[in-house]
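Beneath this line is the structure, given in structure tokens, with notes to follow.
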Protein chains: 2
Amino acid sequence: MPVTLADIAREVGVSKMTVSRAINNNALISPKTRQRVLEVARRLNYQPNQHARALATNRSYLIGVVVPDLMNLYFAEVARAIESIARPAGFQLLICSTDEDPTREVGEVEALLQRTDGLIISSVLAPTDAGAYRKMIRDGARIVLVDRTMRNLNCPAVATDNVEVGRIATDHLISLGHTRIGHLSGDASSVSNDRLEGYKLALLNHRIRFDKSLIMSCGLLESDGYAAMRKWIQKGDVPRAIFAVNDPAAIGGMKAIEEGGLKIGEDIAIVGAGNIHYGDMLRVPLTTVSWSRAEMGQQAAQLLMQSMAGETIPAKSRNVSLPPELVIRNSCGAKRFR
Amino acid sequence: MPVTLADIAREVGVSKMTVSRAINNNALISPKTRQRVLEVARRLNYQPNQHARALATNRSYLIGVVVPDLMNLYFAEVARAIESIARPAGFQLLICSTDEDPTREVGEVEALLQRTDGLIISSVLAPTDAGAYRKMIRDGARIVLVDRTMRNLNCPAVATDNVEVGRIATDHLISLGHTRIGHLSGDASSVSNDRLEGYKLALLNHRIRFDKSLIMSCGLLESDGYAAMRKWIQKGDVPRAIFAVNDPAAIGGMKAIEEGGLKIGEDIAIVGAGNIHYGDMLRVPLTTVSWSRAEMGQQAAQLLMQSMAGETIPAKSRNVSLPPELVIRNSCGAKRFR
DNA sequence: CTTGGACCTGTTACCGATAACAGCTATACT
DNA sequence: AGTATAGCTGTTATCGGTAACAGGTCCAAG
């Protein structure tokens with residue numbers, strides 16, 4: 001039903017190849033012919049069949065984006081940044097959310113690899129499970145990791161220094177006079193691990209003994225933070241300062257704290273990470289550690305473009321690390337002392 | 001480089017066709033052969049080339065989703081709901097955000113039509129610009145509209161009753177004793193128009209004269225609401241009650257109000273629409289009009305599936321309307337009177 | 001006048017799958 | 001035994017593009 005190259009060719013009285021050349025701005029064609037072809041193409045409202053084109057050229061102009069959670073504005077922002085680079089270059093985005101479920105991820109990635117030119121992945125997998133990706137990359141898959149990276153995986157990555165993130169957040173709570181600091185920890189991902197390491201590091205720096213009972217295993221979703229904090233409050237003995245692995249978990253935790261009749265920033269100080277949009281508009285504005293999500297997405301997109309273009313990426317650009325910085329708002333209680 | 005049907009065929013010693021049949025669970029094949037083929041396929045880690053398949057079958061198993069703004073959690077929620085139906089049916093999502101820019105929309109839609117089996121669109125276009133879509137639909141495009149619909153366009157649609165949304169919101173402000181009610185109005189879309197109509201209707205019902213100077217033209221983004229409200233405050237004479245066309249605009253407006261040194265819910269009552277996630281966690285929890293985003297996305301996805309399967313959709317299911325309801329929180333000041 | 005080359009256009013094959021049909025083999029039935 | 005038929009497998013053409021190469025035309029230079 002749709003118009004094909006052959007239709008135009010017949011109409012203009014040339015071969016399919018000539019039409020193809022006209023459409024693709026090939027140099028080997030006379031301006032007059034190109035003109036005639038393009039005119040007819042426009043008149044018939046020709047739209048190239050992308051599947052046929054992809055089959056013939058082995059280029060789909062699709063980029064797969066795998067994020068843990070689209071309801072997390074952090075990733076929505078990263079996705080938008082990727083799009084801001086990809087779209088002008090003629091690429092469209094195949095976005096896929098794994099909802100923080102590792103079992104879904106590999107399957108999705110394999111499916112996406114079949115129909116895209118390259119992938120930008122924020123992986124939910126534990127670093128120890130990188131095997132599948134190692135194989136794909138060896139087989140020529142173009143992959144760039146973003147936000148959640150995996151060590152000893154031979155592909156470009158853009159992230160922040162998550163040990164530093166954990167250290168900064170915890171250090172801030174210590175500087176406010178806290179010594180008994182809890183941690184809502186995430187999952188098995190490198191991000192979660194690193195932030196926990198940073199937490200421990202800050203304690204060590206201040207000679208505070210690490211107490212395993214202050215670590216509350218949680219997850220990275222808002223609902224995880226809510227559930228964990230609720231349980232903690234019911235159990236009792238909640239520390240008066242808490243570093244949550246990310247902003248959604250912190251916000252979920254805040255909800256539980258409020259429901260428990262406690263005051264955030266007074267009874268309990270809480271710090272998140274990621275500087276999610278709306279964090280400053282919350283009932284108690286969230287103190288957090290911030291780095292640029294826009295930069296993150298853009299750099300990842302650029303690295304992928306280079307990689308797809310066959311360029312070898314210099315070693316020093318293969319691992320971009322965005323500097324984290326503290327954003328002090330009210331949830332940590334710091335403002336009380338001003 | 002990747003494994004193809006031919007590779008497997010050679011390995012097993014059968015024809016490509018037999019392999020294809022085994023892979024696709026075709027009935028016309030002996031269990032033994034299927035077994036052998038599948039075994040080799042698994043061993044070689046065969047992944048079908050989706051482009052080739054799409055070219056041959058004219059089915060891509062891709063659904064295009066066009067939303068105005070992915071940073072608006074409202075649409076993130078709709079997108080997730082679509083995915084929850086599409087994924088189990090074997091479809092992947094090609095998501096595209098137009099950033100509320102009508103000039104981008106038609107081009108994006110045309111591009112998406114080429115590589116998808118159907119589209120779910122939340123259109124930014126003015127209802128008068130439906131021409132392009134009318135043509136596509138006549139040419140056989142499978143399209144379902146969601147949230148932002150266009151009248152007299154012959155395709156299924158899922159939305160809420162936006163006149164009612166505007167009426168409920170405005171009515172609520174009137175019931176709180178306000179008579180001078182402002183409106184941050186949106187763009188030229190039907191949603192914006194309908195909500196404005198609802199606003200007028202509520203005034204009419206209570207014999208309050210419509211005053212054009214109380215309508216502040218705005219947009220649907222948070223930044224639009226912020227800019228409009230800022231300007232309004234600088235100009236002076238801001239009404240003490242405001243109905244914002246949607247939650248992001250309301251939140252942007254709230255930011256400007258706070259910056260202007262005014263108290264939300266006391267100096268100025270504000271009501272939004274959409275019940276965006278986090279609305280209840282805001283500094284001043286946002287009073288809004290709510291309907292189910294999940295329902296919206298799921299119904300749209302189901303309608304599209306039916307349409308793609310060639311089923312004719314009964315007239316009464318072609319236009320799903322989700323009932324809106326008022327969610328009273330604090331931004332309207334209602335809580336003060338309790 | 002011939003010849004070389006620039007410049008344009010067409011032909012053929014192929015990308016990797018599937019549809020449609022043709023053909024072969026066993027079994028069952030007369 | 002002969003034949004119909006079910007059941008499986010292979011062949012060929014095709015989807016709509018593009019790559020690679022093979023011409024053809026025309027002008028300029030020798």
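Naming works like this for the structure tokens: A, B, ... for the chains as they're shown, residue 1 at the start of each chain, ligands 1 onward in shown order.
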
Exercise answer, chain B residues close to chain D, 9 Å and only C-alpha atoms (C1' of nucleotides), as an NGL selection string: :B and (14-15 or 17-18 or 28-30 or 52 or 54-58)

Go ahead and write the residues just picked, N, CA and C atoms, as a compact mmCIF listing (two decimals), in the first residue's frame.
```txt
# COMPACT_ATOMS: atom_id res chain seq x y z
N VAL B 14 19.21 -29.14 7.11
CA VAL B 14 17.86 -28.97 6.58
C VAL B 14 17.81 -27.64 5.83
N SER B 15 16.63 -27.28 5.36
CA SER B 15 16.52 -26.01 4.64
C SER B 15 16.22 -24.87 5.60
N MET B 17 13.84 -22.92 5.47
CA MET B 17 12.41 -22.89 5.75
C MET B 17 12.07 -23.75 6.96
N THR B 18 12.68 -24.90 7.01
CA THR B 18 12.42 -25.79 8.13
C THR B 18 12.86 -25.15 9.45
N LEU B 28 3.56 -27.43 11.04
CA LEU B 28 3.95 -28.35 9.97
C LEU B 28 5.39 -28.81 10.08
N ILE B 29 5.73 -29.38 11.18
CA ILE B 29 7.10 -29.84 11.34
C ILE B 29 7.12 -30.96 12.38
N SER B 30 7.95 -31.95 12.15
CA SER B 30 7.98 -33.08 13.08
C SER B 30 8.67 -32.69 14.38
N ALA B 52 14.77 -8.05 8.98
CA ALA B 52 14.40 -8.97 7.91
C ALA B 52 13.00 -9.51 8.16
N ALA B 54 10.64 -8.15 9.88
CA ALA B 54 9.66 -7.08 9.70
C ALA B 54 9.40 -6.83 8.22
N LEU B 55 10.46 -6.90 7.44
CA LEU B 55 10.31 -6.66 6.00
C LEU B 55 9.43 -7.74 5.37
N ALA B 56 9.67 -8.96 5.76
CA ALA B 56 8.94 -10.08 5.16
C ALA B 56 7.49 -10.15 5.64
N THR B 57 7.27 -9.87 6.90
CA THR B 57 5.93 -10.05 7.45
C THR B 57 5.12 -8.77 7.53
N ASN B 58 5.84 -7.66 7.38
CA ASN B 58 5.20 -6.37 7.53
C ASN B 58 4.65 -6.17 8.95
```

Chain B contacts to chain A at 9 Å (only C-alpha atoms) as a PyMOL selection string: chain B and resi 1-2+47-55+58+60+70-73+76-77+79-80+83+92-97+110-112+114-115+139-140+251+255+277-285

Give me, as a short mmCIF file (atom, residue, chain, number, x, y, z; two decimals) with N, CA and C atoms, in the first residue's frame, all polymer residues having an atom no more than 12 Å from B:Leu214, counting only C-alpha atoms (C1' of nucleotides) and skipping those fewer than 6 positions away in the same chain.
```cif
data_model
loop_
_atom_site.label_atom_id
_atom_site.label_comp_id
_atom_site.auth_asym_id
_atom_site.auth_seq_id
_atom_site.Cartn_x
_atom_site.Cartn_y
_atom_site.Cartn_z
N THR B 179 -14.44 34.46 44.52
CA THR B 179 -15.25 34.87 43.36
C THR B 179 -14.35 35.43 42.28
N ARG B 180 -13.18 35.86 42.68
CA ARG B 180 -12.22 36.37 41.69
C ARG B 180 -11.17 35.29 41.47
N ILE B 181 -11.40 34.48 40.47
CA ILE B 181 -10.57 33.29 40.25
C ILE B 181 -9.79 33.41 38.95
N GLY B 182 -8.48 33.29 39.06
CA GLY B 182 -7.64 33.36 37.87
C GLY B 182 -7.43 31.99 37.24
N HIS B 183 -6.95 32.00 36.01
CA HIS B 183 -6.69 30.73 35.34
C HIS B 183 -5.38 30.81 34.57
N LEU B 184 -4.45 29.92 34.92
CA LEU B 184 -3.24 29.77 34.10
C LEU B 184 -3.64 28.82 32.98
N SER B 185 -3.86 29.38 31.80
CA SER B 185 -4.37 28.55 30.71
C SER B 185 -3.23 27.99 29.88
N LEU B 196 -10.51 25.26 30.05
CA LEU B 196 -10.94 26.67 30.09
C LEU B 196 -12.46 26.74 30.01
N TYR B 199 -13.83 25.91 33.30
CA TYR B 199 -13.65 27.07 34.19
C TYR B 199 -14.80 28.06 33.98
N LYS B 200 -15.07 28.36 32.71
CA LYS B 200 -16.15 29.30 32.40
C LYS B 200 -17.49 28.76 32.87
N MET B 229 3.46 33.05 36.11
CA MET B 229 3.09 33.49 37.44
C MET B 229 4.00 34.62 37.91
N TRP B 232 2.94 37.72 36.31
CA TRP B 232 1.67 38.15 36.88
C TRP B 232 1.89 38.88 38.20
N GLY B 236 1.28 42.70 39.23
CA GLY B 236 0.40 43.01 40.36
C GLY B 236 -1.03 42.59 40.11
N ASP B 237 -1.84 42.71 41.15
CA ASP B 237 -3.25 42.39 41.04
C ASP B 237 -3.52 40.92 40.75
N VAL B 238 -2.74 40.06 41.38
CA VAL B 238 -2.95 38.63 41.20
C VAL B 238 -4.19 38.19 41.99
N PRO B 239 -5.07 37.42 41.38
CA PRO B 239 -6.24 36.95 42.12
C PRO B 239 -5.82 36.03 43.26
N ARG B 240 -6.67 35.88 44.24
CA ARG B 240 -6.31 35.08 45.42
C ARG B 240 -6.65 33.61 45.23
N ALA B 241 -7.20 33.30 44.07
CA ALA B 241 -7.47 31.89 43.77
C ALA B 241 -7.12 31.63 42.31
N ILE B 242 -6.46 30.51 42.07
CA ILE B 242 -6.02 30.23 40.71
C ILE B 242 -6.23 28.76 40.37
N PHE B 243 -6.79 28.54 39.20
CA PHE B 243 -6.86 27.18 38.66
C PHE B 243 -5.82 27.08 37.55
N ALA B 244 -4.84 26.18 37.73
CA ALA B 244 -3.80 26.00 36.72
C ALA B 244 -4.17 24.83 35.83
#
```

Atomic separation - atom CA of A:Val78 relative to atom CA of B:Ala249, Å: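 Atom CA of A:Val78 lies at a distance of 22.0 Å from atom CA of B:Ala249.
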
Strand (DSSP E or B) call set, DSSP backbone run, stretch 30-268 of chain B, as a PyMOL selection string: chain B and resi 62-67+92-97+118-121+143-146+157-160+181-185+215-217+241-244+264+268

Could you write out that same residue set with N, CA and C atoms as a short mmCIF file (atom, residue, chain, number, x, y, z; two decimals), in the first residue's frame?
```cif
data_model
loop_
_atom_site.label_atom_id
_atom_site.label_comp_id
_atom_site.auth_asym_id
_atom_site.auth_seq_id
_atom_site.Cartn_x
_atom_site.Cartn_y
_atom_site.Cartn_z
N LEU B 62 6.75 -3.29 17.12
CA LEU B 62 7.13 -2.06 17.78
C LEU B 62 5.90 -1.16 17.87
N ILE B 63 5.74 -0.53 19.01
CA ILE B 63 4.67 0.45 19.16
C ILE B 63 5.31 1.81 19.41
N GLY B 64 4.90 2.78 18.64
CA GLY B 64 5.42 4.13 18.84
C GLY B 64 4.58 4.87 19.88
N VAL B 65 5.24 5.55 20.78
CA VAL B 65 4.53 6.33 21.79
C VAL B 65 5.02 7.77 21.71
N VAL B 66 4.10 8.67 21.46
CA VAL B 66 4.47 10.07 21.36
C VAL B 66 3.84 10.84 22.52
N VAL B 67 4.67 11.34 23.40
CA VAL B 67 4.16 12.11 24.54
C VAL B 67 4.73 13.53 24.50
N GLN B 92 7.67 -3.92 21.79
CA GLN B 92 8.55 -2.96 22.45
C GLN B 92 8.10 -1.55 22.11
N LEU B 93 8.55 -0.61 22.93
CA LEU B 93 8.08 0.77 22.80
C LEU B 93 9.13 1.70 22.22
N LEU B 94 8.74 2.44 21.22
CA LEU B 94 9.59 3.49 20.68
C LEU B 94 9.03 4.81 21.21
N ILE B 95 9.66 5.32 22.24
CA ILE B 95 9.12 6.50 22.90
C ILE B 95 9.74 7.77 22.36
N CYS B 96 8.91 8.75 22.20
CA CYS B 96 9.36 10.00 21.62
C CYS B 96 8.68 11.16 22.33
N SER B 97 9.47 12.09 22.80
CA SER B 97 8.91 13.24 23.51
C SER B 97 8.99 14.48 22.63
N GLY B 118 1.97 0.48 15.07
CA GLY B 118 0.89 1.37 15.50
C GLY B 118 1.40 2.41 16.47
N LEU B 119 0.62 3.46 16.64
CA LEU B 119 1.06 4.57 17.46
C LEU B 119 0.05 4.92 18.54
N ILE B 120 0.57 5.30 19.69
CA ILE B 120 -0.25 5.90 20.73
C ILE B 120 0.25 7.33 20.89
N ILE B 121 -0.65 8.26 20.63
CA ILE B 121 -0.21 9.66 20.57
C ILE B 121 -0.96 10.52 21.57
N ILE B 143 -3.68 4.21 14.82
CA ILE B 143 -3.38 5.25 15.80
C ILE B 143 -4.43 5.25 16.90
N VAL B 144 -3.97 5.41 18.13
CA VAL B 144 -4.87 5.61 19.25
C VAL B 144 -4.42 6.89 19.96
N LEU B 145 -5.37 7.74 20.26
CA LEU B 145 -5.03 8.97 20.97
C LEU B 145 -5.20 8.76 22.46
N VAL B 146 -4.34 9.38 23.23
CA VAL B 146 -4.44 9.25 24.67
C VAL B 146 -4.25 10.61 25.33
N ALA B 157 -9.84 6.70 21.16
CA ALA B 157 -9.21 7.68 22.03
C ALA B 157 -9.54 7.38 23.50
N VAL B 158 -8.59 7.64 24.36
CA VAL B 158 -8.79 7.50 25.80
C VAL B 158 -8.42 8.82 26.46
N ALA B 159 -9.34 9.37 27.18
CA ALA B 159 -9.06 10.65 27.83
C ALA B 159 -9.98 10.81 29.02
N THR B 160 -9.91 11.96 29.64
CA THR B 160 -10.87 12.25 30.68
C THR B 160 -11.77 13.37 30.16
N ILE B 181 -11.40 34.48 40.47
CA ILE B 181 -10.57 33.29 40.25
C ILE B 181 -9.79 33.41 38.95
N GLY B 182 -8.48 33.29 39.06
CA GLY B 182 -7.64 33.36 37.87
C GLY B 182 -7.43 31.99 37.24
N HIS B 183 -6.95 32.00 36.01
CA HIS B 183 -6.69 30.73 35.34
C HIS B 183 -5.38 30.81 34.57
N LEU B 184 -4.45 29.92 34.92
CA LEU B 184 -3.24 29.77 34.10
C LEU B 184 -3.64 28.82 32.98
N SER B 185 -3.86 29.38 31.80
CA SER B 185 -4.37 28.55 30.71
C SER B 185 -3.23 27.99 29.88
N ILE B 215 -7.47 35.59 32.87
CA ILE B 215 -6.88 34.45 32.16
C ILE B 215 -5.44 34.79 31.81
N MET B 216 -4.52 34.02 32.30
CA MET B 216 -3.12 34.25 31.98
C MET B 216 -2.65 33.14 31.05
N SER B 217 -2.35 33.53 29.85
CA SER B 217 -1.88 32.56 28.87
C SER B 217 -0.53 32.03 29.32
N ALA B 241 -7.20 33.30 44.07
CA ALA B 241 -7.47 31.89 43.77
C ALA B 241 -7.12 31.63 42.31
N ILE B 242 -6.46 30.51 42.07
CA ILE B 242 -6.02 30.23 40.71
C ILE B 242 -6.23 28.76 40.37
N PHE B 243 -6.79 28.54 39.20
CA PHE B 243 -6.86 27.18 38.66
C PHE B 243 -5.82 27.08 37.55
N ALA B 244 -4.84 26.18 37.73
CA ALA B 244 -3.80 26.00 36.72
C ALA B 244 -4.17 24.83 35.83
N ILE B 264 1.26 30.06 49.82
CA ILE B 264 0.30 29.25 49.08
C ILE B 264 -0.71 28.66 50.05
N ILE B 268 -2.64 32.87 48.46
CA ILE B 268 -3.15 32.44 47.16
C ILE B 268 -3.52 30.95 47.22
#
```

Near-A:Gln299 list (9 Å; only C-alpha atoms (C1' of nucleotides); drop same-chain fewer than 2 positions) as a VMD selection string: chain A and resid 81 to 82 85 158 294 to 297 301 to 304 320

Chain C residues near chain A (9 Å cut-off, only C-alpha atoms (C1' of nucleotides)) as a list in words: DC7, DC8, DT9, DG10, DC14, DC15 and DG16 of chain C

Atomic distance atom CA of B:Ala202 - atom CA of B:Asn162, expressed in Å with one decimal: 12.8 Å

DSSP-assigned alpha helix (DSSP H) among stretch 60-181 of chain A, expressed as an MDAnalysis selection string: chainID A and resid 73:86 102:115 131:138 162:175

Kindly save the residues from that selection, with N, CA and C atoms included, as a tab-separated table (two decimals), in the first residue's frame.
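This went into result_26.tsv:
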```tsv
chain	number	residue	atom	x	y	z
A	73	LEU	N	12.58	10.46	38.06
A	73	LEU	CA	12.87	11.59	37.19
A	73	LEU	C	14.35	11.71	36.85
A	74	TYR	N	15.16	11.14	37.71
A	74	TYR	CA	16.59	11.13	37.43
A	74	TYR	C	16.84	10.50	36.05
A	75	PHE	N	16.22	9.38	35.79
A	75	PHE	CA	16.44	8.70	34.52
A	75	PHE	C	15.67	9.34	33.37
A	76	ALA	N	14.54	9.92	33.70
A	76	ALA	CA	13.82	10.66	32.67
A	76	ALA	C	14.71	11.78	32.15
A	77	GLU	N	15.44	12.40	33.07
A	77	GLU	CA	16.32	13.50	32.69
A	77	GLU	C	17.49	12.99	31.84
A	78	VAL	N	18.04	11.85	32.24
A	78	VAL	CA	19.14	11.26	31.47
A	78	VAL	C	18.64	10.90	30.07
A	79	ALA	N	17.45	10.31	30.01
A	79	ALA	CA	16.90	9.89	28.71
A	79	ALA	C	16.71	11.10	27.81
A	80	ARG	N	16.20	12.18	28.39
A	80	ARG	CA	15.99	13.37	27.59
A	80	ARG	C	17.31	13.91	27.07
A	81	ALA	N	18.34	13.85	27.90
A	81	ALA	CA	19.66	14.34	27.48
A	81	ALA	C	20.20	13.48	26.34
A	82	ILE	N	19.98	12.20	26.41
A	82	ILE	CA	20.42	11.31	25.34
A	82	ILE	C	19.70	11.70	24.04
A	83	GLU	N	18.40	11.91	24.19
A	83	GLU	CA	17.62	12.26	23.01
A	83	GLU	C	18.10	13.57	22.39
A	84	SER	N	18.50	14.50	23.23
A	84	SER	CA	18.92	15.81	22.72
A	84	SER	C	20.15	15.70	21.82
A	85	ILE	N	20.93	14.66	22.00
A	85	ILE	CA	22.09	14.44	21.15
A	85	ILE	C	21.73	13.52	19.99
A	86	ALA	N	20.95	12.51	20.28
A	86	ALA	CA	20.66	11.47	19.29
A	86	ALA	C	19.75	11.98	18.18
A	102	PRO	N	16.58	-7.25	37.90
A	102	PRO	CA	17.74	-7.80	37.17
A	102	PRO	C	17.36	-8.94	36.23
A	103	THR	N	16.37	-9.72	36.61
A	103	THR	CA	16.05	-10.90	35.79
A	103	THR	C	15.51	-10.49	34.43
A	104	ARG	N	14.95	-9.31	34.36
A	104	ARG	CA	14.41	-8.87	33.08
A	104	ARG	C	15.47	-8.30	32.16
A	105	GLU	N	16.53	-7.81	32.76
A	105	GLU	CA	17.46	-6.97	32.01
A	105	GLU	C	18.13	-7.65	30.82
A	106	VAL	N	18.77	-8.78	31.06
A	106	VAL	CA	19.54	-9.40	29.98
A	106	VAL	C	18.66	-9.74	28.79
A	107	GLY	N	17.50	-10.28	29.07
A	107	GLY	CA	16.57	-10.60	27.99
A	107	GLY	C	16.22	-9.37	27.17
A	108	GLU	N	15.91	-8.29	27.85
A	108	GLU	CA	15.57	-7.05	27.15
A	108	GLU	C	16.73	-6.56	26.30
A	109	VAL	N	17.91	-6.63	26.87
A	109	VAL	CA	19.08	-6.15	26.15
A	109	VAL	C	19.31	-6.97	24.90
A	110	GLU	N	19.18	-8.28	25.03
A	110	GLU	CA	19.38	-9.13	23.85
A	110	GLU	C	18.37	-8.81	22.76
A	111	ALA	N	17.13	-8.58	23.18
A	111	ALA	CA	16.10	-8.24	22.21
A	111	ALA	C	16.41	-6.90	21.54
A	112	LEU	N	16.87	-5.96	22.33
A	112	LEU	CA	17.16	-4.63	21.79
A	112	LEU	C	18.35	-4.65	20.83
A	113	LEU	N	19.33	-5.48	21.14
A	113	LEU	CA	20.52	-5.53	20.29
A	113	LEU	C	20.15	-5.88	18.85
A	114	GLN	N	19.08	-6.65	18.70
A	114	GLN	CA	18.70	-7.11	17.37
A	114	GLN	C	18.15	-5.99	16.51
A	115	ARG	N	17.65	-4.97	17.13
A	115	ARG	CA	17.00	-3.96	16.31
A	115	ARG	C	17.61	-2.59	16.42
A	131	GLY	N	29.00	-11.21	32.88
A	131	GLY	CA	29.38	-12.18	31.85
A	131	GLY	C	28.64	-12.03	30.54
A	132	ALA	N	27.34	-11.93	30.61
A	132	ALA	CA	26.53	-11.83	29.39
A	132	ALA	C	26.96	-10.63	28.56
A	133	TYR	N	27.20	-9.51	29.22
A	133	TYR	CA	27.60	-8.31	28.49
A	133	TYR	C	28.99	-8.46	27.89
A	134	ARG	N	29.86	-9.10	28.64
A	134	ARG	CA	31.21	-9.30	28.13
A	134	ARG	C	31.16	-10.01	26.79
A	135	LYS	N	30.30	-11.01	26.73
A	135	LYS	CA	30.17	-11.80	25.51
A	135	LYS	C	29.61	-10.94	24.36
A	136	MET	N	28.56	-10.19	24.67
A	136	MET	CA	27.96	-9.36	23.63
A	136	MET	C	28.98	-8.38	23.07
A	137	ILE	N	29.75	-7.79	23.94
A	137	ILE	CA	30.73	-6.79	23.49
A	137	ILE	C	31.80	-7.45	22.65
A	138	ARG	N	32.20	-8.65	23.06
A	138	ARG	CA	33.19	-9.38	22.26
A	138	ARG	C	32.63	-9.66	20.88
A	162	ASN	N	30.81	7.20	42.94
A	162	ASN	CA	29.79	6.89	43.94
A	162	ASN	C	30.34	6.66	45.34
A	163	VAL	N	31.61	6.29	45.43
A	163	VAL	CA	32.23	6.21	46.75
A	163	VAL	C	32.24	7.62	47.33
A	164	GLU	N	32.63	8.55	46.49
A	164	GLU	CA	32.67	9.94	46.93
A	164	GLU	C	31.27	10.45	47.30
A	165	VAL	N	30.27	10.03	46.53
A	165	VAL	CA	28.89	10.42	46.84
A	165	VAL	C	28.53	9.99	48.25
A	166	GLY	N	28.81	8.74	48.56
A	166	GLY	CA	28.49	8.22	49.90
A	166	GLY	C	29.29	8.93	50.98
A	167	ARG	N	30.54	9.21	50.63
A	167	ARG	CA	31.40	9.86	51.62
A	167	ARG	C	30.90	11.27	51.92
A	168	ILE	N	30.61	12.02	50.87
A	168	ILE	CA	30.15	13.40	51.04
A	168	ILE	C	28.88	13.46	51.89
A	169	ALA	N	27.94	12.59	51.54
A	169	ALA	CA	26.65	12.60	52.24
A	169	ALA	C	26.84	12.28	53.73
A	170	THR	N	27.59	11.23	53.99
A	170	THR	CA	27.79	10.80	55.37
A	170	THR	C	28.61	11.83	56.15
A	171	ASP	N	29.62	12.32	55.49
A	171	ASP	CA	30.48	13.33	56.10
A	171	ASP	C	29.65	14.54	56.54
A	172	HIS	N	28.71	14.91	55.70
A	172	HIS	CA	27.86	16.06	56.03
A	172	HIS	C	27.08	15.80	57.32
A	173	LEU	N	26.54	14.61	57.44
A	173	LEU	CA	25.78	14.28	58.65
A	173	LEU	C	26.69	14.27	59.88
A	174	ILE	N	27.91	13.78	59.68
A	174	ILE	CA	28.87	13.78	60.79
A	174	ILE	C	29.19	15.22	61.19
A	175	SER	N	29.37	16.07	60.20
A	175	SER	CA	29.73	17.47	60.49
A	175	SER	C	28.61	18.18	61.24
```

Pairwise distance for atom CA of B:Ile257 and atom CA of B:Gly186, rounded to one decimal in Å: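 Separation between atom CA of B:Ile257 and atom CA of B:Gly186: 18.4 Å.
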
Residues near A:Leu326, cut-off 7 Å, only C-alpha atoms (C1' of nucleotides), skip fewer than 3 positions along chain, as JSON, numbers by chain: {"A": [168, 288, 289, 290]}
